[in-house]
file upload-v7.cif (mmCIF, C-alpha atoms and all ligand atoms)
data_input
loop_
_atom_site.label_atom_id
_atom_site.label_comp_id
_atom_site.auth_asym_id
_atom_site.auth_seq_id
_atom_site.Cartn_x
_atom_site.Cartn_y
_atom_site.Cartn_z
CA MET A 74 -105.75 206.30 168.80
CA ALA A 75 -105.97 209.26 171.19
CA LEU A 76 -102.82 211.13 172.08
CA GLN A 77 -103.63 210.79 175.80
CA THR A 78 -102.65 207.15 175.73
CA ASN A 79 -100.17 205.10 177.80
CA VAL A 80 -96.94 204.70 175.85
CA ALA A 81 -93.41 203.50 176.62
CA PHE A 82 -90.19 204.63 174.99
CA ILE A 83 -87.03 202.50 175.22
CA GLY A 84 -83.66 203.97 174.13
CA LEU A 85 -83.12 207.65 174.90
CA GLY A 86 -80.12 208.61 172.76
CA ILE A 87 -79.61 211.31 170.16
CA MET A 88 -82.87 210.33 168.43
CA GLY A 89 -84.97 208.69 171.14
CA LEU A 90 -84.75 211.47 173.71
CA PRO A 91 -86.31 214.22 171.55
CA MET A 92 -88.78 211.79 169.97
CA ALA A 93 -90.04 210.67 173.38
CA GLY A 94 -90.17 214.34 174.40
CA HIS A 95 -92.59 215.06 171.54
CA LEU A 96 -94.90 212.24 172.68
CA LEU A 97 -94.91 213.70 176.19
CA ALA A 98 -95.60 217.19 174.85
CA ALA A 99 -98.47 215.81 172.74
CA GLY A 100 -100.22 214.52 175.87
CA CYS A 101 -99.10 210.89 176.11
CA SER A 102 -98.65 209.29 179.50
CA LEU A 103 -95.01 208.25 179.09
CA THR A 104 -92.89 205.54 180.73
CA VAL A 105 -89.23 205.40 179.69
CA HIS A 106 -86.29 203.04 179.93
CA SER A 107 -82.76 203.33 178.60
CA ARG A 108 -79.47 201.56 179.33
CA THR A 109 -78.08 204.59 181.17
CA LYS A 110 -80.69 206.05 183.52
CA ALA A 111 -79.20 209.57 183.45
CA LYS A 112 -80.29 209.88 179.80
CA ALA A 113 -83.89 209.92 181.03
CA ASP A 114 -83.44 212.82 183.47
CA PRO A 115 -84.81 215.59 181.18
CA LEU A 116 -87.98 213.54 180.58
CA LEU A 117 -88.40 212.50 184.22
CA ALA A 118 -88.20 216.20 185.12
CA ARG A 119 -91.15 216.76 182.76
CA GLY A 120 -93.32 214.05 184.33
CA ALA A 121 -92.32 210.82 182.58
CA ARG A 122 -92.03 207.66 184.70
CA TRP A 123 -88.85 205.55 184.88
CA ALA A 124 -88.96 201.78 184.36
CA VAL A 125 -86.04 199.65 185.50
CA THR A 126 -86.41 197.11 182.66
CA PRO A 127 -87.94 197.01 179.16
CA ALA A 128 -90.54 194.54 180.47
CA GLU A 129 -91.59 196.97 183.21
CA ALA A 130 -91.76 199.80 180.67
CA ALA A 131 -93.98 197.72 178.40
CA ARG A 132 -96.35 196.47 181.11
CA HIS A 133 -99.07 199.16 180.95
CA ALA A 134 -98.29 200.61 177.52
CA GLU A 135 -100.66 200.38 174.59
CA VAL A 136 -97.77 201.31 172.34
CA VAL A 137 -94.07 200.63 172.99
CA PHE A 138 -91.52 202.62 170.99
CA ILE A 139 -87.92 201.43 170.66
CA CYS A 140 -84.93 203.45 169.38
CA VAL A 141 -81.67 201.62 170.15
CA PRO A 142 -78.53 201.22 168.01
CA ASP A 143 -78.43 197.81 166.33
CA THR A 144 -80.15 194.46 165.72
CA PRO A 145 -78.85 192.71 168.89
CA ASP A 146 -80.00 195.69 171.00
CA VAL A 147 -83.55 195.46 169.64
CA GLN A 148 -83.50 191.68 170.05
CA GLN A 149 -82.46 192.13 173.68
CA VAL A 150 -85.32 194.56 174.35
CA VAL A 151 -87.91 192.49 172.47
CA MET A 152 -86.92 188.86 172.96
CA ASP A 153 -85.51 189.15 176.52
CA GLY A 154 -87.88 191.89 177.71
CA ILE A 155 -91.23 192.28 176.00
CA LEU A 156 -91.71 188.69 174.82
CA PRO A 157 -91.39 186.97 178.23
CA ALA A 158 -93.72 189.63 179.69
CA ALA A 159 -96.24 188.98 176.91
CA ALA A 160 -95.94 185.22 177.36
CA ALA A 161 -96.75 185.70 181.06
CA GLY A 162 -99.83 187.78 180.11
CA ASP A 163 -98.18 190.83 181.66
CA VAL A 164 -98.71 193.36 178.83
CA VAL A 165 -101.74 195.21 177.51
CA PRO A 166 -103.67 192.92 175.08
CA GLY A 167 -103.28 194.04 171.45
CA GLN A 168 -100.13 196.00 172.25
CA ILE A 169 -98.29 197.57 169.31
CA VAL A 170 -94.46 197.65 169.38
CA VAL A 171 -92.88 200.25 167.09
CA ASP A 172 -89.18 199.90 166.34
CA HIS A 173 -87.59 203.17 165.19
CA SER A 174 -84.06 201.68 165.14
CA THR A 175 -82.44 200.82 161.82
CA ILE A 176 -81.84 197.07 161.93
CA SER A 177 -81.85 193.88 159.85
CA PRO A 178 -85.04 193.38 157.77
CA SER A 179 -84.91 189.59 158.24
CA ALA A 180 -84.42 189.81 162.03
CA THR A 181 -87.36 192.24 162.00
CA ARG A 182 -89.61 189.70 160.24
CA ASN A 183 -88.61 187.01 162.73
CA MET A 184 -89.44 189.18 165.74
CA ALA A 185 -92.74 190.25 164.16
CA ALA A 186 -93.73 186.60 163.66
CA VAL A 187 -92.84 185.62 167.23
CA LEU A 188 -94.69 188.60 168.77
CA ALA A 189 -97.72 188.02 166.54
CA GLY A 190 -98.01 184.60 168.25
CA HIS A 191 -98.73 186.53 171.45
CA GLY A 192 -101.18 189.00 169.89
CA ILE A 193 -98.62 191.82 169.61
CA GLN A 194 -98.13 193.74 166.37
CA PHE A 195 -94.50 194.64 165.67
CA LEU A 196 -94.05 197.54 163.25
CA ASP A 197 -90.65 198.39 161.81
CA ALA A 198 -90.59 202.19 161.64
CA PRO A 199 -87.05 203.44 160.98
CA VAL A 200 -86.63 207.17 160.62
CA SER A 201 -84.70 209.63 158.51
CA GLY A 202 -84.02 213.32 159.03
CA GLY A 203 -81.14 213.21 161.47
CA ASP A 204 -80.80 214.72 164.92
CA SER A 205 -82.40 217.95 163.68
CA GLY A 206 -85.39 216.03 162.30
CA ALA A 207 -85.83 214.34 165.68
CA ARG A 208 -85.61 217.66 167.55
CA ASN A 209 -87.97 219.47 165.18
CA ALA A 210 -90.46 216.58 164.78
CA THR A 211 -89.92 216.58 161.02
CA LEU A 212 -88.73 213.00 160.62
CA SER A 213 -89.61 210.78 157.70
CA ILE A 214 -90.94 207.54 159.19
CA MET A 215 -90.97 204.42 156.99
CA VAL A 216 -93.26 201.74 158.32
CA GLY A 217 -93.53 198.02 157.64
CA GLY A 218 -96.06 195.59 159.16
CA ASP A 219 -99.79 195.51 159.74
CA GLU A 220 -101.34 198.48 157.93
CA SER A 221 -104.30 198.91 160.28
CA SER A 222 -101.91 199.11 163.26
CA PHE A 223 -99.99 201.80 161.39
CA GLU A 224 -103.24 203.74 160.89
CA LYS A 225 -104.08 203.30 164.57
CA ILE A 226 -100.83 204.88 165.75
CA ARG A 227 -100.68 207.53 163.02
CA PRO A 228 -101.50 210.39 165.48
CA LEU A 229 -98.57 209.33 167.68
CA LEU A 230 -96.17 209.12 164.72
CA LYS A 231 -97.45 212.52 163.58
CA ALA A 232 -96.16 213.99 166.87
CA MET A 233 -92.61 212.97 165.86
CA GLY A 234 -92.55 213.10 162.08
CA LYS A 235 -93.76 214.91 159.01
CA THR A 236 -93.69 212.26 156.28
CA LEU A 237 -95.32 209.00 157.35
CA THR A 238 -95.31 206.17 154.83
CA TRP A 239 -96.66 202.65 155.13
CA CYS A 240 -94.15 200.80 152.93
CA GLY A 241 -95.61 197.26 152.98
CA PRO A 242 -95.45 194.12 155.12
CA SER A 243 -93.01 193.49 157.97
CA GLY A 244 -89.42 194.40 156.96
CA ALA A 245 -90.52 196.80 154.19
CA GLY A 246 -89.84 199.82 156.43
CA GLN A 247 -86.30 198.61 157.11
CA LEU A 248 -85.66 197.89 153.41
CA THR A 249 -86.93 201.38 152.52
CA LYS A 250 -84.61 202.85 155.15
CA LEU A 251 -81.67 201.00 153.50
CA VAL A 252 -82.67 202.63 150.20
CA ASN A 253 -82.52 205.92 152.10
CA GLN A 254 -79.07 205.06 153.49
CA ILE A 255 -77.64 204.28 150.04
CA LEU A 256 -78.85 207.72 148.91
CA VAL A 257 -77.58 209.44 152.06
CA SER A 258 -74.11 207.87 152.15
CA VAL A 259 -73.32 208.15 148.45
CA THR A 260 -74.51 211.78 148.50
CA ASN A 261 -72.35 212.42 151.58
CA LEU A 262 -69.34 211.11 149.64
CA ALA A 263 -70.20 213.43 146.74
CA VAL A 264 -70.29 216.42 149.14
CA CYS A 265 -66.91 215.41 150.64
CA GLU A 266 -65.29 215.07 147.24
CA ALA A 267 -66.78 218.30 145.89
CA LEU A 268 -65.60 220.31 148.93
CA THR A 269 -62.12 218.74 148.70
CA PHE A 270 -61.96 219.87 145.07
CA ALA A 271 -63.18 223.35 146.03
CA ARG A 272 -60.67 223.76 148.87
CA GLU A 273 -57.73 222.55 146.78
CA ASN A 274 -58.71 225.09 144.13
CA GLU A 275 -58.65 227.80 146.80
CA LEU A 276 -62.33 228.66 146.49
CA ASP A 277 -64.12 230.35 149.39
CA LEU A 278 -66.01 227.35 150.80
CA GLN A 279 -68.87 229.38 152.34
CA LYS A 280 -69.50 231.07 149.00
CA THR A 281 -69.22 227.75 147.20
CA LEU A 282 -71.86 226.22 149.47
CA ALA A 283 -74.14 229.22 149.01
CA ALA A 284 -73.68 229.10 145.23
CA VAL A 285 -74.40 225.43 144.69
CA SER A 286 -76.89 224.59 147.45
CA GLY A 287 -79.90 226.20 145.76
CA GLY A 288 -79.29 224.65 142.34
CA ALA A 289 -79.56 221.14 140.95
CA ALA A 290 -76.79 219.95 143.30
CA GLY A 291 -78.76 220.83 146.45
CA SER A 292 -79.40 218.07 149.00
CA TRP A 293 -79.99 217.52 152.72
CA GLN A 294 -76.40 216.32 153.02
CA LEU A 295 -75.03 219.45 151.36
CA ALA A 296 -77.25 221.81 153.37
CA ASN A 297 -76.73 220.14 156.76
CA LEU A 298 -73.33 218.45 156.61
CA GLY A 299 -71.57 220.80 154.16
CA PRO A 300 -71.32 223.71 156.66
CA ARG A 301 -70.18 221.34 159.43
CA MET A 302 -67.44 219.98 157.11
CA VAL A 303 -66.28 223.49 156.24
CA ASP A 304 -66.14 224.40 159.97
CA GLY A 305 -64.32 221.16 160.85
CA ASP A 306 -67.22 220.41 163.24
CA PHE A 307 -67.30 216.62 163.47
CA ALA A 308 -69.58 216.36 166.54
CA PRO A 309 -72.11 213.57 166.02
CA GLY A 310 -75.59 214.03 164.76
CA PHE A 311 -75.38 210.59 163.18
CA MET A 312 -72.35 208.61 164.34
CA ILE A 313 -70.06 206.97 161.80
CA LYS A 314 -70.35 203.60 163.58
CA LEU A 315 -74.15 203.69 163.09
CA GLN A 316 -73.83 204.73 159.44
CA GLN A 317 -71.41 201.85 158.87
CA LYS A 318 -73.91 199.47 160.54
CA ASP A 319 -76.56 200.64 158.05
CA LEU A 320 -74.20 200.22 155.08
CA ARG A 321 -73.38 196.68 156.26
CA LEU A 322 -77.14 195.94 156.41
CA ALA A 323 -77.60 197.40 152.91
CA LEU A 324 -74.69 195.38 151.50
CA GLU A 325 -76.06 192.20 153.10
CA ALA A 326 -79.54 192.86 151.67
CA ALA A 327 -78.00 193.60 148.24
CA LYS A 328 -76.01 190.35 148.39
CA ASP A 329 -79.20 188.43 149.22
CA ARG A 330 -80.51 189.63 145.84
CA GLY A 331 -77.22 188.97 143.98
CA LEU A 332 -76.58 192.70 143.60
CA ASP A 333 -73.08 194.20 143.43
CA LEU A 334 -73.42 197.93 144.24
CA ALA A 335 -70.19 199.76 143.34
CA ALA A 336 -70.81 203.16 144.96
CA LEU A 337 -72.19 201.61 148.16
CA SER A 338 -69.13 199.33 148.41
CA LEU A 339 -66.79 202.30 147.94
CA VAL A 340 -68.42 204.44 150.60
CA HIS A 341 -68.45 201.44 152.99
CA ARG A 342 -64.65 201.07 152.46
CA LEU A 343 -64.10 204.79 153.13
CA PHE A 344 -66.13 204.66 156.35
CA ALA A 345 -64.02 201.61 157.36
CA THR A 346 -60.96 203.85 156.96
CA ALA A 347 -62.67 206.47 159.12
CA ILE A 348 -63.20 203.84 161.83
CA ASP A 349 -59.53 202.76 161.53
CA ASP A 350 -58.76 206.46 162.13
CA HIS A 351 -60.75 206.22 165.42
CA ARG A 352 -63.57 208.40 164.08
CA GLU A 353 -66.39 205.92 164.87
CA ASN A 354 -68.08 208.25 167.38
CA GLN A 355 -67.81 211.33 165.15
CA GLY A 356 -70.63 212.47 162.86
CA THR A 357 -70.81 211.17 159.30
CA GLN A 358 -69.54 214.57 158.06
CA ALA A 359 -66.10 213.48 159.35
CA LEU A 360 -65.89 211.40 156.16
CA PHE A 361 -64.65 214.70 154.71
CA ALA A 362 -61.32 214.30 156.57
CA VAL A 363 -60.85 210.79 155.15
CA VAL A 364 -61.74 211.76 151.59
CA GLU A 365 -59.52 214.86 151.70
CA LYS A 366 -56.55 212.85 152.98
CA ALA A 367 -57.05 210.08 150.42
CA ALA A 368 -57.40 212.60 147.58
CA LYS A 369 -54.15 214.33 148.46
CA ARG A 370 -52.22 211.06 148.65
CA ARG A 371 -52.66 210.31 144.97
P1 LIG B 1 -77.58 206.64 170.35
O1 LIG B 1 -77.43 208.09 170.56
O2 LIG B 1 -76.43 205.72 170.57
O3 LIG B 1 -78.84 206.17 171.25
C1 LIG B 1 -79.18 204.84 171.48
C2 LIG B 1 -79.68 204.74 172.91
O4 LIG B 1 -80.13 203.40 173.14
C3 LIG B 1 -78.57 205.01 173.94
O5 LIG B 1 -79.08 205.92 174.91
C4 LIG B 1 -78.28 203.63 174.53
O6 LIG B 1 -77.87 203.65 175.85
C5 LIG B 1 -79.64 202.98 174.42
N1 LIG B 1 -79.54 201.52 174.41
C6 LIG B 1 -78.69 200.74 173.74
N2 LIG B 1 -78.96 199.45 173.95
C7 LIG B 1 -80.02 199.42 174.79
C8 LIG B 1 -80.76 198.39 175.40
N3 LIG B 1 -80.48 197.09 175.16
N4 LIG B 1 -81.79 198.72 176.22
C9 LIG B 1 -82.09 200.02 176.47
N5 LIG B 1 -81.41 201.06 175.91
C10 LIG B 1 -80.40 200.75 175.09
O7 LIG B 1 -78.08 206.33 168.86
P2 LIG B 1 -79.07 207.23 167.95
O8 LIG B 1 -78.26 208.13 167.10
O9 LIG B 1 -80.18 207.77 168.79
O10 LIG B 1 -79.64 206.07 167.00
C11 LIG B 1 -80.65 205.15 167.41
C12 LIG B 1 -81.17 204.42 166.17
O11 LIG B 1 -81.71 205.39 165.26
C13 LIG B 1 -80.06 203.65 165.41
O12 LIG B 1 -80.57 202.45 164.90
C14 LIG B 1 -79.71 204.60 164.29
O13 LIG B 1 -79.17 203.92 163.17
C15 LIG B 1 -81.05 205.26 163.99
N6 LIG B 1 -80.99 206.60 163.39
C16 LIG B 1 -80.14 207.57 163.87
C17 LIG B 1 -80.12 208.83 163.25
C18 LIG B 1 -79.21 209.94 163.72
O14 LIG B 1 -79.08 210.93 162.99
N7 LIG B 1 -78.61 209.85 164.90
C19 LIG B 1 -80.93 209.09 162.15
C20 LIG B 1 -81.79 208.09 161.71
C21 LIG B 1 -81.82 206.85 162.34
P3 LIG B 1 -76.50 204.37 176.37
O15 LIG B 1 -76.92 205.79 176.60
O16 LIG B 1 -76.13 203.63 177.60
O17 LIG B 1 -75.50 204.22 175.25
#

call {"tool": "encode", "arguments": {"input": "upload-v7.cif", "output": "structure tokens"}}
result
Amino acid sequence: MALQTNVAFIGLGIMGLPMAGHLLAAGCSLTVHSRTKAKADPLLARGARWAVTPAEAARHAEVVFICVPDTPDVQQVVMDGILPAAAAGDVVPGQIVVDHSTISPSATRNMAAVLAGHGIQFLDAPVSGGDSGARNATLSIMVGGDESSFEKIRPLLKAMGKTLTWCGPSGAGQLTKLVNQILVSVTNLAVCEALTFARENELDLQKTLAAVSGGAAGSWQLANLGPRMVDGDFAPGFMIKLQQKDLRLALEAAKDRGLDLAALSLVHRLFATAIDDHRENQGTQALFAVVEKAAKRR
């Protein structure tokens, strides 16, 4: 698929705004919609068109990208927006809908089946790499659904991400993203606990980070969230409420398979404490404050 194609992007938050910006920069003709219109202003200033509803955004788009918070949000966009438009013959035939949100794998399969009945391919394409990955177009994009549709839109995904993987049939992208979230959240907890230990032993935290980041303990979490923890900078790249949504999805998927995952359950409980502490809109690095407080209580 050529880059100079008509695309729509729905959901212009921390991730969606820079991702849509990359599509525009790559030469796409871009229509955007988001719940709060002001979020679109930087893209409208660069030549994107505003659509009042998801259905209007989807109307002339060969590919529709979605990046909204949770399963009900995607269902609202797809089932109340794109589907009725498709049923009325008011979308481009053979349209591909690409969902970059992290949502339920089973709800994903259901939406894919319903849209397929109207000739629309629905690809689950959750991303990893954080706000910096979205800004720098270095995201990992994990795709489930029709493989030939994935190959068709590869040039568009390439404008937003570095590692593109077709993971399998519908839902496989979301399941792979939950694997990613188990790794991310348990590693985040390890970073919080290690820095608590370092601080209580009166180590210089900057030097500690520098010393351990390049060795076997190095990780994205340590490199990106470690310095923010040390600085007490809890501004969101990835909000705690969204992380907790992903952990709930992972726990539900684990339960479906009869799995009891101890570390995942622990980190889910600690994030629940963070939410009780009114930290839901802070970045996931704010888990440090919860872990530090809990460690000192014992
Ligand atoms: P965000 O900043 O909250 O952005 C979501 C955007 O979607 C907001 O602008 C919101 O509108 C809009 N929205 C919500 N419901 C909508 C609807 N029904 N129709 C149209 N627009 C709607 O969240 P984010 O951090 O970009 O995350 C988006 C998705 O990416 C989530 O599934 C998240 O788990 C995933 N993700 C995030 C990161 C990260 O580091 N942030 C990394 C990987 C994956 P308002 O502006 O009105 O709130």

call {"tool": "residues_around", "arguments": {"input": "upload-v7.cif", "residues": "A:Pro91", "least_positions_apart": "2", "cutoff": "6 Å", "atoms": "all atoms listed in the file", "output": "list of chain:residue names"}}
result
A:Gly89, A:Ala93, A:Gly94, A:Ala207, A:Arg208

call {"tool": "write_last_selection", "arguments": {"input": "upload-v7.cif", "atoms": "C-alpha atoms", "output": "PDB file, in the frame of the given file"}}
result
ATOM      1  CA  GLY A  89     -84.970 208.690 171.140  1.00  0.00           C
ATOM      2  CA  ALA A  93     -90.040 210.670 173.380  1.00  0.00           C
ATOM      3  CA  GLY A  94     -90.170 214.340 174.400  1.00  0.00           C
ATOM      4  CA  ALA A 207     -85.830 214.340 165.680  1.00  0.00           C
ATOM      5  CA  ARG A 208     -85.610 217.660 167.550  1.00  0.00           C
TER       6      ARG A 208
END

call {"tool": "residues_near_ligand", "arguments": {"input": "upload-v7.cif", "ligand": "ligand LIG 1 (chain B)", "cutoff": "7 Å", "atoms": "all atoms listed in the file", "output": "PyMOL selection string"}}
result
chain A and resi 83-89+106-109+112+140-143+146-147+149-150+173-176+199-204+310-312+315-316+319

call {"tool": "residues_around", "arguments": {"input": "upload-v7.cif", "residues": "A:Thr269", "least_positions_apart": "5", "cutoff": "10 Å", "atoms": "all atoms listed in the file", "output": "compact mmCIF listing (two decimals) with C-alpha atoms, keeping the file's coordinate frame"}}
result
# COMPACT_ATOMS: atom_id res chain seq x y z
CA ALA A 263 -70.20 213.43 146.74
CA VAL A 264 -70.29 216.42 149.14
CA ASN A 274 -58.71 225.09 144.13
CA GLU A 275 -58.65 227.80 146.80
CA LEU A 278 -66.01 227.35 150.80
CA VAL A 303 -66.28 223.49 156.24
CA PHE A 361 -64.65 214.70 154.71
CA ALA A 362 -61.32 214.30 156.57
CA VAL A 364 -61.74 211.76 151.59
CA GLU A 365 -59.52 214.86 151.70
CA LYS A 366 -56.55 212.85 152.98
CA ALA A 368 -57.40 212.60 147.58
CA LYS A 369 -54.15 214.33 148.46

call {"tool": "residues_around", "arguments": {"input": "upload-v7.cif", "residues": "A:Ser292", "least_positions_apart": "4", "cutoff": "10 Å", "atoms": "all atoms listed in the file", "output": "list in words"}}
result
Val257, Thr260, Asn261, Val264, Val285, Ser286, Gly287, Gly288, Ala296, Asn297, Leu298 and Gly299 of chain A

call {"tool": "atom_distance", "arguments": {"input": "upload-v7.cif", "atom1": "atom CA of A:Ile193", "atom2": "atom CA of A:Gly206"}}
result
28.5 Å

call {"tool": "closest_residue", "arguments": {"input": "upload-v7.cif", "among": "A:Met184, A:Ala189, A:Leu282, A:Ile169", "to": "A:Phe223", "atoms": "all atoms listed in the file"}}
result
A:Ile169

call {"tool": "atom_distance", "arguments": {"input": "upload-v7.cif", "atom1": "atom CA of A:Pro157", "atom2": "atom CA of A:Arg132"}}
result
11.1 Å
